[in-house]
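Enquirer: To be precise about what I am sending: the file is called run-v1.pdb and holds PDB, C-alpha atoms.
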ATOM      1  CA  MET F  25     -14.747  13.059   5.423
ATOM      2  CA  ALA F  26     -13.759   9.356   5.350
ATOM      3  CA  ASP F  27     -13.288   7.710   8.729
ATOM      4  CA  PHE F  28     -10.650   5.033   9.301
ATOM      5  CA  GLN F  29     -12.746   3.192  11.895
ATOM      6  CA  THR F  30     -15.472   2.425   9.332
ATOM      7  CA  SER F  31     -13.151   2.062   6.326
ATOM      8  CA  THR F  32     -12.321  -0.920   4.132
ATOM      9  CA  HIS F  33      -8.700  -0.151   5.000
ATOM     10  CA  ARG F  34      -9.383  -1.159   8.604
ATOM     11  CA  ALA F  35     -11.844  -3.954   7.819
ATOM     12  CA  ARG F  36      -9.961  -5.698   5.004
ATOM     13  CA  TRP F  37      -6.339  -4.568   4.778
ATOM     14  CA  ILE F  38      -4.867  -4.859   8.284
ATOM     15  CA  PHE F  39      -3.278  -8.260   8.830
ATOM     16  CA  THR F  40      -1.219 -10.269  11.291
ATOM     17  CA  PRO F  41       2.439 -11.116  10.589
ATOM     18  CA  GLN F  42       1.409 -14.749  10.058
ATOM     19  CA  ASP F  43      -1.179 -13.651   7.481
ATOM     20  CA  LEU F  44       1.548 -11.906   5.480
ATOM     21  CA  ILE F  45       3.886 -14.896   5.645
ATOM     22  CA  GLU F  46       1.164 -17.183   4.329
ATOM     23  CA  LYS F  47       0.170 -14.803   1.518
ATOM     24  CA  TYR F  48       3.764 -14.307   0.357
ATOM     25  CA  LYS F  49       4.418 -18.069   0.457
ATOM     26  CA  ALA F  50       1.215 -18.840  -1.460
ATOM     27  CA  ALA F  51       2.036 -16.349  -4.237
ATOM     28  CA  ASN F  52       5.610 -17.619  -4.470
ATOM     29  CA  GLN F  53       4.471 -21.260  -4.613
ATOM     30  CA  ARG F  54       1.940 -20.519  -7.356
ATOM     31  CA  ALA F  55       4.628 -18.805  -9.459
ATOM     32  CA  LYS F  56       6.960 -21.787  -8.974
ATOM     33  CA  GLN F  57       4.227 -24.138 -10.155
ATOM     34  CA  THR F  58       3.611 -21.913 -13.173
ATOM     35  CA  LEU F  59       7.323 -22.011 -14.013
ATOM     36  CA  GLU F  60       7.335 -25.800 -13.701
ATOM     37  CA  LYS F  61       4.294 -26.181 -15.953
ATOM     38  CA  TYR F  62       4.886 -23.472 -18.555
ATOM     39  CA  GLY F  63       8.602 -22.708 -18.388
ATOM     40  CA  VAL F  64       7.804 -19.032 -17.804
ATOM     41  CA  THR F  65       6.082 -17.109 -15.021
ATOM     42  CA  ARG F  66       5.007 -13.876 -16.701
ATOM     43  CA  ILE F  67       1.269 -13.371 -17.083
ATOM     44  CA  GLU F  68       0.386 -11.073 -19.980
ATOM     45  CA  VAL F  69      -2.194  -8.413 -19.139
ATOM     46  CA  ASP F  70      -4.583  -6.738 -21.572
ATOM     47  CA  ALA F  71      -5.804  -3.200 -20.986
ATOM     48  CA  ASP F  72      -9.218  -4.537 -19.907
ATOM     49  CA  GLY F  73      -7.567  -6.523 -17.105
ATOM     50  CA  SER F  74      -7.916  -9.936 -18.772
ATOM     51  CA  LEU F  75      -4.981 -12.287 -18.247
ATOM     52  CA  GLN F  76      -3.192 -14.458 -20.786
ATOM     53  CA  TYR F  77      -1.308 -17.432 -19.392
ATOM     54  CA  PRO F  78       1.472 -19.148 -21.357
ATOM     55  CA  GLU F  79       0.982 -22.448 -23.169
ATOM     56  CA  PRO F  80       2.080 -25.680 -21.409
ATOM     57  CA  GLN F  81       5.306 -27.291 -22.607
ATOM     58  CA  ILE F  82       4.632 -30.608 -24.359
ATOM     59  CA  SER F  83       7.213 -31.234 -27.121
ATOM     60  CA  ALA F  84      10.651 -32.852 -26.878
ATOM     61  CA  LYS F  85      12.218 -29.473 -27.472
ATOM     62  CA  ASP F  86      10.118 -28.072 -24.671
ATOM     63  CA  ASN F  87      11.299 -30.853 -22.372
ATOM     64  CA  ALA F  88      14.904 -30.037 -23.209
ATOM     65  CA  GLU F  89      14.219 -26.407 -22.410
ATOM     66  CA  LYS F  90      12.548 -27.533 -19.189
ATOM     67  CA  ARG F  91      15.856 -28.952 -17.980
ATOM     68  CA  SER F  92      17.665 -25.664 -18.596
ATOM     69  CA  ARG F  93      14.953 -23.290 -17.424
ATOM     70  CA  PRO F  94      15.673 -20.507 -14.930
ATOM     71  CA  LYS F  95      15.375 -21.021 -11.208
ATOM     72  CA  PRO F  96      12.480 -19.338  -9.393
ATOM     73  CA  LEU F  97      13.009 -16.616  -6.815
ATOM     74  CA  SER F  98      12.781 -17.585  -3.169
ATOM     75  CA  VAL F  99      10.322 -15.900  -0.810
ATOM     76  CA  GLU F 100      13.251 -13.927   0.644
ATOM     77  CA  GLU F 101      14.432 -12.798  -2.810
ATOM     78  CA  GLU F 102      10.911 -11.663  -3.643
ATOM     79  CA  GLN F 103      10.869  -9.608  -0.441
ATOM     80  CA  LEU F 104      14.108  -7.872  -1.458
ATOM     81  CA  MET F 105      12.716  -7.179  -4.931
ATOM     82  CA  ARG F 106       9.549  -5.648  -3.476
ATOM     83  CA  SER F 107      11.611  -3.530  -1.068
ATOM     84  CA  PHE F 108      13.846  -2.287  -3.865
ATOM     85  CA  TYR F 109      10.910  -1.006  -5.913
ATOM     86  CA  GLU F 110       9.208   0.484  -2.871
ATOM     87  CA  CYS F 111      12.283   2.698  -2.540
ATOM     88  CA  LYS F 112      11.927   3.511  -6.236
ATOM     89  CA  ILE F 113       8.338   4.648  -5.626
ATOM     90  CA  GLN F 114       9.640   7.210  -3.141
ATOM     91  CA  GLU F 115      12.358   8.297  -5.592
ATOM     92  CA  VAL F 116       9.966   8.692  -8.534
ATOM     93  CA  CYS F 117       7.445  10.611  -6.407
ATOM     94  CA  ALA F 118      10.218  12.912  -5.181
ATOM     95  CA  ALA F 119      11.447  13.461  -8.760
ATOM     96  CA  PHE F 120       7.935  14.575  -9.777
ATOM     97  CA  SER F 121       7.497  16.590  -6.543
ATOM     98  CA  PHE F 122       4.336  14.659  -5.716
ATOM     99  CA  PRO F 123       2.773  15.234  -2.268
ATOM    100  CA  GLN F 124       3.518  12.686   0.462
ATOM    101  CA  LYS F 125      -0.085  11.489   0.286
ATOM    102  CA  ILE F 126       0.453  10.259  -3.291
ATOM    103  CA  GLN F 127       3.677   8.540  -2.327
ATOM    104  CA  ALA F 128       1.998   6.817   0.625
ATOM    105  CA  THR F 129      -1.047   5.799  -1.424
ATOM    106  CA  ALA F 130       1.139   4.357  -4.204
ATOM    107  CA  LEU F 131       3.192   2.409  -1.667
ATOM    108  CA  ILE F 132       0.108   0.947  -0.007
ATOM    109  CA  TYR F 133      -1.370  -0.019  -3.387
ATOM    110  CA  TYR F 134       1.923  -1.690  -4.312
ATOM    111  CA  LYS F 135       2.090  -3.610  -1.020
ATOM    112  CA  ARG F 136      -1.514  -4.774  -1.373
ATOM    113  CA  PHE F 137      -0.988  -5.863  -4.980
ATOM    114  CA  TYR F 138       1.866  -8.177  -4.034
ATOM    115  CA  LEU F 139      -0.208  -9.806  -1.338
ATOM    116  CA  GLN F 140      -2.121 -11.305  -4.255
ATOM    117  CA  TRP F 141       0.689 -11.861  -6.771
ATOM    118  CA  SER F 142       4.329 -12.858  -7.032
ATOM    119  CA  VAL F 143       6.869 -10.497  -8.583
ATOM    120  CA  MET F 144       7.552 -13.410 -10.942
ATOM    121  CA  GLU F 145       4.027 -13.066 -12.337
ATOM    122  CA  HIS F 146       3.857  -9.294 -12.790
ATOM    123  CA  ASN F 147       6.966  -7.174 -13.364
ATOM    124  CA  PRO F 148       7.473  -5.026 -10.230
ATOM    125  CA  LYS F 149       8.808  -2.085 -12.236
ATOM    126  CA  HIS F 150       5.602  -1.960 -14.271
ATOM    127  CA  ILE F 151       3.386  -2.365 -11.206
ATOM    128  CA  MET F 152       5.345   0.322  -9.339
ATOM    129  CA  LEU F 153       4.668   2.880 -12.087
ATOM    130  CA  THR F 154       1.035   1.849 -12.428
ATOM    131  CA  CYS F 155       0.477   2.239  -8.673
ATOM    132  CA  ILE F 156       1.903   5.771  -8.822
ATOM    133  CA  TYR F 157      -0.341   6.574 -11.784
ATOM    134  CA  VAL F 158      -3.469   5.239 -10.036
ATOM    135  CA  ALA F 159      -2.538   7.054  -6.800
ATOM    136  CA  CYS F 160      -2.288  10.342  -8.731
ATOM    137  CA  LYS F 161      -5.769   9.800 -10.174
ATOM    138  CA  ILE F 162      -7.331   8.897  -6.840
ATOM    139  CA  GLU F 163      -5.678  11.815  -5.035
ATOM    140  CA  GLU F 164      -6.742  14.184  -7.845
ATOM    141  CA  ASN F 165      -3.208  15.128  -8.813
ATOM    142  CA  HIS F 166      -3.716  14.485 -12.493
ATOM    143  CA  VAL F 167      -0.655  13.282 -14.373
ATOM    144  CA  SER F 168      -1.099  11.503 -17.696
ATOM    145  CA  ALA F 169       0.427   8.080 -18.288
ATOM    146  CA  GLU F 170       2.393   9.660 -21.153
ATOM    147  CA  GLU F 171       3.870  12.307 -18.852
ATOM    148  CA  LEU F 172       4.749   9.776 -16.165
ATOM    149  CA  GLY F 173       6.283   7.344 -18.636
ATOM    150  CA  LYS F 174       8.242  10.054 -20.449
ATOM    151  CA  GLY F 175       9.577  11.435 -17.176
ATOM    152  CA  ILE F 176      11.358   8.182 -16.410
ATOM    153  CA  ALA F 177      11.898   6.891 -19.964
ATOM    154  CA  GLN F 178       9.300   4.101 -19.819
ATOM    155  CA  ASP F 179       6.567   3.112 -22.273
ATOM    156  CA  HIS F 180       3.322   4.659 -21.032
ATOM    157  CA  GLN F 181       1.235   1.911 -22.681
ATOM    158  CA  MET F 182       2.624  -0.534 -20.131
ATOM    159  CA  ILE F 183       1.164   1.664 -17.362
ATOM    160  CA  LEU F 184      -2.259   1.728 -19.018
ATOM    161  CA  ASN F 185      -2.214  -2.026 -19.682
ATOM    162  CA  ASN F 186      -1.623  -2.767 -15.996
ATOM    163  CA  GLU F 187      -4.117  -0.264 -14.577
ATOM    164  CA  MET F 188      -7.108  -2.623 -14.540
ATOM    165  CA  ILE F 189      -5.265  -5.585 -13.025
ATOM    166  CA  VAL F 190      -4.005  -3.297 -10.251
ATOM    167  CA  LEU F 191      -7.523  -2.008  -9.559
ATOM    168  CA  GLN F 192      -8.927  -5.547  -9.578
ATOM    169  CA  SER F 193      -6.206  -6.819  -7.262
ATOM    170  CA  LEU F 194      -7.033  -4.022  -4.817
ATOM    171  CA  ASP F 195     -10.711  -5.065  -4.998
ATOM    172  CA  PHE F 196     -11.282  -1.419  -5.952
ATOM    173  CA  ASP F 197     -10.638  -0.433  -2.303
ATOM    174  CA  LEU F 198      -8.889   2.787  -3.277
ATOM    175  CA  ILE F 199      -9.364   4.999  -0.203
ATOM    176  CA  VAL F 200      -6.321   4.524   2.011
ATOM    177  CA  PHE F 201      -5.262   6.212   5.231
ATOM    178  CA  ALA F 202      -1.632   7.275   5.510
ATOM    179  CA  PRO F 203       0.233   8.221   8.728
ATOM    180  CA  TYR F 204       1.262  11.695   7.524
ATOM    181  CA  ARG F 205      -2.096  13.283   8.232
ATOM    182  CA  SER F 206      -2.169  11.627  11.656
ATOM    183  CA  VAL F 207       1.244  13.145  12.407
ATOM    184  CA  ASP F 208      -0.168  16.584  11.570
ATOM    185  CA  GLY F 209      -3.087  16.080  13.948
ATOM    186  CA  PHE F 210      -0.977  14.760  16.819
ATOM    187  CA  VAL F 211       1.506  17.654  16.575
ATOM    188  CA  ASP F 212      -1.367  20.170  16.752
ATOM    189  CA  ASP F 213      -2.637  18.298  19.812
ATOM    190  CA  MET F 214       0.825  18.324  21.390
ATOM    191  CA  GLU F 215       0.938  22.101  21.175
ATOM    192  CA  GLU F 216      -2.090  22.251  23.469
ATOM    193  CA  PHE F 217      -0.792  19.429  25.671
ATOM    194  CA  CYS F 218       2.500  21.269  26.240
ATOM    195  CA  LEU F 219       0.935  24.748  26.291
ATOM    196  CA  ALA F 220       3.738  25.437  23.849
ATOM    197  CA  LYS F 221       5.113  28.920  23.268
ATOM    198  CA  ASP F 222       7.996  30.370  21.261
ATOM    199  CA  ASP F 223      10.995  28.039  21.644
ATOM    200  CA  GLN F 224       8.884  24.985  22.339
ATOM    201  CA  LEU F 225       6.703  25.720  19.313
ATOM    202  CA  GLN F 226       9.832  25.729  17.182
ATOM    203  CA  MET F 227      10.928  22.451  18.751
ATOM    204  CA  LEU F 228       7.554  20.921  17.917
ATOM    205  CA  LYS F 229       7.934  22.100  14.323
ATOM    206  CA  ASP F 230      11.277  20.326  14.194
ATOM    207  CA  LEU F 231       9.661  17.257  15.752
ATOM    208  CA  HIS F 232       6.966  17.426  13.066
ATOM    209  CA  ARG F 233       9.558  17.478  10.296
ATOM    210  CA  THR F 234      11.680  14.618  11.661
ATOM    211  CA  ALA F 235       8.570  12.524  12.409
ATOM    212  CA  LYS F 236       7.566  12.677   8.747
ATOM    213  CA  MET F 237      11.041  11.447   7.832
ATOM    214  CA  GLU F 238      10.503   8.589  10.275
ATOM    215  CA  VAL F 239       7.166   7.831   8.591
ATOM    216  CA  ASP F 240       9.020   7.624   5.255
ATOM    217  CA  LYS F 241      11.156   4.849   6.766
ATOM    218  CA  THR F 242       8.120   3.094   8.228
ATOM    219  CA  MET F 243       6.339   3.067   4.869
ATOM    220  CA  LEU F 244       9.126   0.893   3.427
ATOM    221  CA  THR F 245       8.369  -1.904   5.911
ATOM    222  CA  ASP F 246       5.396  -4.246   6.269
ATOM    223  CA  ALA F 247       4.129  -2.152   9.205
ATOM    224  CA  PRO F 248       1.455  -0.326   7.101
ATOM    225  CA  LEU F 249      -0.139  -3.740   6.481
ATOM    226  CA  LEU F 250      -0.097  -4.588  10.193
ATOM    227  CA  PHE F 251      -0.971  -1.420  12.132
ATOM    228  CA  PRO F 252      -3.450   1.467  11.782
ATOM    229  CA  PRO F 253      -2.044   4.804  10.550
ATOM    230  CA  GLY F 254      -2.528   6.494  13.937
ATOM    231  CA  GLN F 255      -0.189   4.007  15.602
ATOM    232  CA  LEU F 256       2.344   4.338  12.769
ATOM    233  CA  ALA F 257       2.265   8.124  13.317
ATOM    234  CA  LEU F 258       2.670   7.841  17.103
ATOM    235  CA  ALA F 259       5.619   5.463  16.696
ATOM    236  CA  ALA F 260       7.313   7.927  14.321
ATOM    237  CA  LEU F 261       6.680  10.827  16.724
ATOM    238  CA  ARG F 262       7.994   8.829  19.674
ATOM    239  CA  ARG F 263      11.216   7.976  17.823
ATOM    240  CA  SER F 264      11.661  11.640  16.892
ATOM    241  CA  ASN F 265      10.964  12.748  20.454
ATOM    242  CA  GLU F 266      13.658  10.418  21.796
ATOM    243  CA  MET F 267      16.299  12.680  20.272
ATOM    244  CA  ASP F 268      15.301  15.930  21.999
ATOM    245  CA  GLN F 269      12.865  14.812  24.739
ATOM    246  CA  ILE F 270      10.476  17.666  23.946
ATOM    247  CA  LEU F 271       7.665  16.098  25.959
ATOM    248  CA  ASP F 272       6.921  13.209  28.303
ATOM    249  CA  PHE F 273       5.661  10.892  25.594
ATOM    250  CA  GLU F 274       4.187   8.210  27.836
ATOM    251  CA  ARG F 275       2.195  10.801  29.734
ATOM    252  CA  TYR F 276       0.982  12.172  26.387
ATOM    253  CA  LEU F 277      -0.139   8.686  25.339
ATOM    254  CA  SER F 278      -1.997   8.309  28.642
ATOM    255  CA  THR F 279      -3.762  11.607  28.001
ATOM    256  CA  ILE F 280      -4.882  10.516  24.540
ATOM    257  CA  LEU F 281      -6.279   7.227  25.850
ATOM    258  CA  SER F 282      -7.973   8.789  28.881
ATOM    259  CA  ARG F 283     -10.039  10.994  26.568
ATOM    260  CA  GLN F 284     -11.484   7.818  25.066
ATOM    261  CA  ASP F 285     -11.813   5.969  28.401
ATOM    262  CA  LEU F 286      -9.083   3.611  27.242
ATOM    263  CA  SER F 287      -6.466   4.287  29.922
ATOM    264  CA  HIS F 288      -6.262   0.524  30.582
ATOM    265  CA  ALA F 289      -4.943   0.067  27.022
ATOM    266  CA  LEU F 290      -1.667   1.984  27.514
ATOM    267  CA  SER F 291       0.473  -1.162  27.780
ATOM    268  CA  GLU F 292      -1.107  -2.550  24.589
ATOM    269  CA  LEU F 293      -0.452   0.697  22.718
ATOM    270  CA  ILE F 294       3.173   0.819  23.858
ATOM    271  CA  GLU F 295       3.572  -2.807  22.777
ATOM    272  CA  SER F 296       2.290  -1.900  19.300
ATOM    273  CA  LEU F 297       4.633   1.102  19.051
ATOM    274  CA  ASP F 298       7.562  -1.091  20.114
ATOM    275  CA  ALA F 299       6.625  -3.616  17.421
ATOM    276  CA  ILE F 300       6.525  -0.873  14.761
ATOM    277  CA  ASP F 301       9.951   0.354  15.890
ATOM    278  CA  SER F 302      11.249  -3.194  15.549
ATOM    279  CA  TRP F 303      10.029  -3.388  11.931
ATOM    280  CA  VAL F 304      11.809  -0.120  11.151
ATOM    281  CA  ARG F 305      15.063  -1.148  12.860
ATOM    282  CA  LYS F 306      15.357  -4.489  11.099
ATOM    283  CA  HIS F 307      14.487  -3.166   7.643
ATOM    284  CA  GLN F 308      17.409  -2.988   5.244
ATOM    285  CA  VAL F 309      17.216  -1.163   1.938
ATOM    286  CA  PRO F 310      18.729  -3.356  -0.791
ATOM    287  CA  THR F 311      21.263  -1.652  -3.023
ATOM    288  CA  ALA F 312      21.446  -1.932  -6.800
ATOM    289  CA  GLU F 313      24.505  -4.154  -6.333
ATOM    290  CA  ASP F 314      22.541  -6.450  -4.004
ATOM    291  CA  MET F 315      19.820  -6.732  -6.631
ATOM    292  CA  LYS F 316      21.928  -7.724  -9.652
ATOM    293  CA  HIS F 317      21.674 -11.476  -9.154
ATOM    294  CA  ILE F 318      17.999 -11.403  -8.134
ATOM    295  CA  ASP F 319      17.110  -9.121 -11.032
ATOM    296  CA  ARG F 320      18.842 -11.485 -13.460
ATOM    297  CA  LYS F 321      16.856 -14.422 -12.069
ATOM    298  CA  LEU F 322      13.621 -12.455 -12.320
ATOM    299  CA  LYS F 323      14.253 -11.489 -15.946
ATOM    300  CA  PHE F 324      14.826 -15.136 -16.853
ATOM    301  CA  CYS F 325      11.601 -16.164 -15.084
ATOM    302  CA  LEU F 326       9.574 -13.465 -16.837
ATOM    303  CA  ASP F 327      11.223 -14.073 -20.220
ATOM    304  CA  PRO F 328      13.417 -17.197 -20.576
ATOM    305  CA  SER F 329      14.550 -16.042 -24.031
ATOM    306  CA  SER F 330      16.442 -13.223 -22.295
ATOM    307  CA  HIS F 331      18.769 -15.939 -20.952
ATOM    308  CA  ASP F 332      19.767 -16.913 -24.504
ATOM    309  CA  LYS F 333      20.155 -13.276 -25.511
ATOM    310  CA  SER F 334      22.397 -12.671 -22.502
ATOM    311  CA  LYS F 335      24.547 -15.679 -23.357
ATOM    312  CA  LYS F 336      24.902 -14.485 -26.955
ATOM    313  CA  ARG F 337      25.994 -11.039 -25.748
ATOM    314  CA  GLU F 338      28.554 -12.592 -23.395
ATOM    315  CA  LYS F 339      29.848 -14.880 -26.151
ATOM    316  CA  LYS F 340      30.093 -11.982 -28.583
ATOM    317  CA  SER F 341      31.891  -9.868 -25.987
ATOM    318  CA  LYS F 342      34.394 -12.652 -25.248
ATOM    319  CA  HIS F 343      35.004 -13.229 -28.965
ATOM    320  CA  LYS F 344      35.591  -9.509 -29.460
ATOM    321  CA  SER F 345      38.051  -9.427 -26.554
ATOM    322  CA  LYS F 346      39.995 -12.420 -27.917
ATOM    323  CA  ARG F 347      40.118 -10.880 -31.386
ATOM    324  CA  SER F 348      41.388  -7.594 -29.976
ATOM    325  CA  ALA F 349      44.091  -9.412 -28.015
ATOM    326  CA  SER F 350      45.090 -11.358 -31.130
ATOM    327  CA  GLU F 351      45.294  -8.192 -33.203
ATOM    328  CA  MET F 352      47.436  -6.544 -30.537
ATOM    329  CA  GLN F 353      49.880  -9.494 -30.667
ATOM    330  CA  ASN F 354      50.177  -9.171 -34.463
ATOM    331  CA  LEU F 355      51.080  -5.491 -34.355
ATOM    332  CA  PRO F 356      54.609  -4.737 -35.567
ATOM    333  CA  PRO F 357      57.150  -3.629 -32.925
ATOM    334  CA  GLY F 358      56.939   0.051 -32.125
ATOM    335  CA  ALA F 359      53.465   0.378 -33.617
TER     336      ALA F 359
END
Will you turn the file into structure tokens for me?
Expert:
Amino acid sequence: MADFQTSTHRARWIFTPQDLIEKYKAANQRAKQTLEKYGVTRIEVDADGSLQYPEPQISAKDNAEKRSRPKPLSVEEEQLMRSFYECKIQEVCAAFSFPQKIQATALIYYKRFYLQWSVMEHNPKHIMLTCIYVACKIEENHVSAEELGKGIAQDHQMILNNEMIVLQSLDFDLIVFAPYRSVDGFVDDMEEFCLAKDDQLQMLKDLHRTAKMEVDKTMLTDAPLLFPPGQLALAALRRSNEMDQILDFERYLSTILSRQDLSHALSELIESLDAIDSWVRKHQVPTAEDMKHIDRKLKFCLDPSSHDKSKKREKKSKHKSKRSASEMQNLPPGA
């Protein structure tokens, strides 16, 4: 059985908040430079993972287009876009009745991918679906790209084309540790800690259920990139326990640490759990309405020609409205 302490997850994919800020800024800055140089940010991906960058703009026409090109997303807008599609990962996984492990693995893959790239370089909808597909393969819950694409009315070839770039961006570190299994283990341990019987056993079952809902919330934040899964699980259990006070949680934490001769580390553990709670509290799920403007900007960055198409549709719609109004005015009385 894989062990978190010796895993690549622990060694390579746990960061500090400052690390994340720098990575997000670097990816955003690179995409802005690409937009400035090429007039487009989208990087085409072949099925073998090779990348095709756009051609630089050099002609007079290109220079004219340069003046009217779309504006890049800000770091904050990118964060909202990532958050929006992280919610979509949970929705798609629920629609397919995938186990929580697949959902968590897909989310972690998605978060890791966008440590390397900007959403302006690789369409987040495509990467979201590819991460789910790869997570299904790794967790041995086999779903074909065709089935996944058909289930949500998307072209399955797009999923296959992005598979290699996702794997490469993850450095092929595909074994991830999610908090759900840790929650299971801690609840079993709590039964012994409390010497639980009958009513208390039922209360612990309820605690187990609500803690997993709390983990769902946690997985939508940056906390999985900052803290080990055991701490994420303990934070979720502590928040759930606050509602019903089933056990003395601090005493339980002390018991866990004393078994490992780490009783001196209680204050550090509580500080970590408080930090995780803070990430959950301040996280806001963007709505579809919130995303309209950002999504429009992203589409123009990925495909500037969509801007012209949109203008043509608006012009055609306005012309149709004026014509309809004119025809109404020319109708005979009583018509």
Enquirer: Could you spell out the hits of the PyMOL selection byres ((chain F and resi 224-240) around 9) on the shown file, as a PyMOL selection string?
Expert: chain F and resi 114+124+128+203-204+207-208+211+214-215+218-223+241-244+256-265+268+270+304
Enquirer: What is the CA of Gln127 in chain F-CA of Asn186 in chain F distance in Å, reported with one decimal?
Expert: 18.5 Å
Enquirer: Exactly which residues make up the result of the PyMOL selection byres ((chain F and resi 157-171) around 8) on this file, given as an mmCIF file with C-alpha atoms, keeping the file's coordinate frame?
Expert:
data_model
loop_
_atom_site.group_PDB
_atom_site.id
_atom_site.type_symbol
_atom_site.label_atom_id
_atom_site.label_comp_id
_atom_site.auth_asym_id
_atom_site.auth_seq_id
_atom_site.Cartn_x
_atom_site.Cartn_y
_atom_site.Cartn_z
ATOM 1 C CA LYS F 125 -0.085 11.489 0.286
ATOM 2 C CA ILE F 126 0.453 10.259 -3.291
ATOM 3 C CA GLN F 127 3.677 8.540 -2.327
ATOM 4 C CA THR F 129 -1.047 5.799 -1.424
ATOM 5 C CA ALA F 130 1.139 4.357 -4.204
ATOM 6 C CA TYR F 133 -1.370 -0.019 -3.387
ATOM 7 C CA LEU F 153 4.668 2.880 -12.087
ATOM 8 C CA THR F 154 1.035 1.849 -12.428
ATOM 9 C CA CYS F 155 0.477 2.239 -8.673
ATOM 10 C CA ILE F 156 1.903 5.771 -8.822
ATOM 11 C CA LEU F 172 4.749 9.776 -16.165
ATOM 12 C CA GLY F 173 6.283 7.344 -18.636
ATOM 13 C CA LYS F 174 8.242 10.054 -20.449
ATOM 14 C CA GLY F 175 9.577 11.435 -17.176
ATOM 15 C CA ASP F 179 6.567 3.112 -22.273
ATOM 16 C CA HIS F 180 3.322 4.659 -21.032
ATOM 17 C CA GLN F 181 1.235 1.911 -22.681
ATOM 18 C CA ILE F 183 1.164 1.664 -17.362
ATOM 19 C CA LEU F 184 -2.259 1.728 -19.018
ATOM 20 C CA GLU F 187 -4.117 -0.264 -14.577
ATOM 21 C CA LEU F 198 -8.889 2.787 -3.277
ATOM 22 C CA ILE F 199 -9.364 4.999 -0.203
#
Enquirer: What is the CA of Gln255 in chain F-CA of Leu104 in chain F distance in Å, reported with one decimal?
Expert: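 A separation of 25.2 Å between them.
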Enquirer: Would you translate the PyMOL selection byres ((chain F and resi 137-145) around 8) into the concrete set of residues it matches in this file, as a ChimeraX atom specification?
Expert: /F:44,47-48,51-52,55,65-67,96-97,102,105-106,133-136,146-148,190,193-194,322,325-326
Enquirer: I'd like the contact shell of Phe39 in chain F - 12 Å cut-off, all atoms listed in the file, skipping same-chain residues fewer than 2 positions apart - returned as JSON, numbers by chain.
Expert: {"F": [33, 34, 35, 36, 37, 41, 42, 43, 44, 45, 46, 47, 136, 139, 246, 247, 248, 249, 250, 251, 252]}
Enquirer: For range 243-258 of chain F, I'd like the enclosing box, axis-aligned and padded by 5 Å on every side, reported as lines of an AutoDock Vina configuration file with centre and edge lengths in Å to one decimal.
Expert:
center_x = 2.8
center_y = 1.8
center_z = 10.3
size_x = 22.6
size_y = 22.7
size_z = 23.7
Enquirer: Got a sec: who's within 7 Å of Ile113 in chain F, counting only C-alpha atoms, leaving out chain neighbours fewer than 2 positions off, as a VMD selection string?
Expert: chain F and resid 109 to 111 115 to 117 127 131 152
Enquirer: How many Å separate CA of Gln103 in chain F from CA of His150 in chain F?
Expert: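 Separating CA of Gln103 in chain F from CA of His150 in chain F is a distance of 16.7 Å.
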Enquirer: List as a list in words the protein and nucleic acid residues near Val309 in chain F, meaning an atom at most 8 Å away when all atoms listed in the file are counted, but skip any in the same chain fewer than 2 places from it.
Expert: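 Surrounding residues, per the criterion: Ser107, Phe108, Cys111, His307 and Thr311 of chain F.
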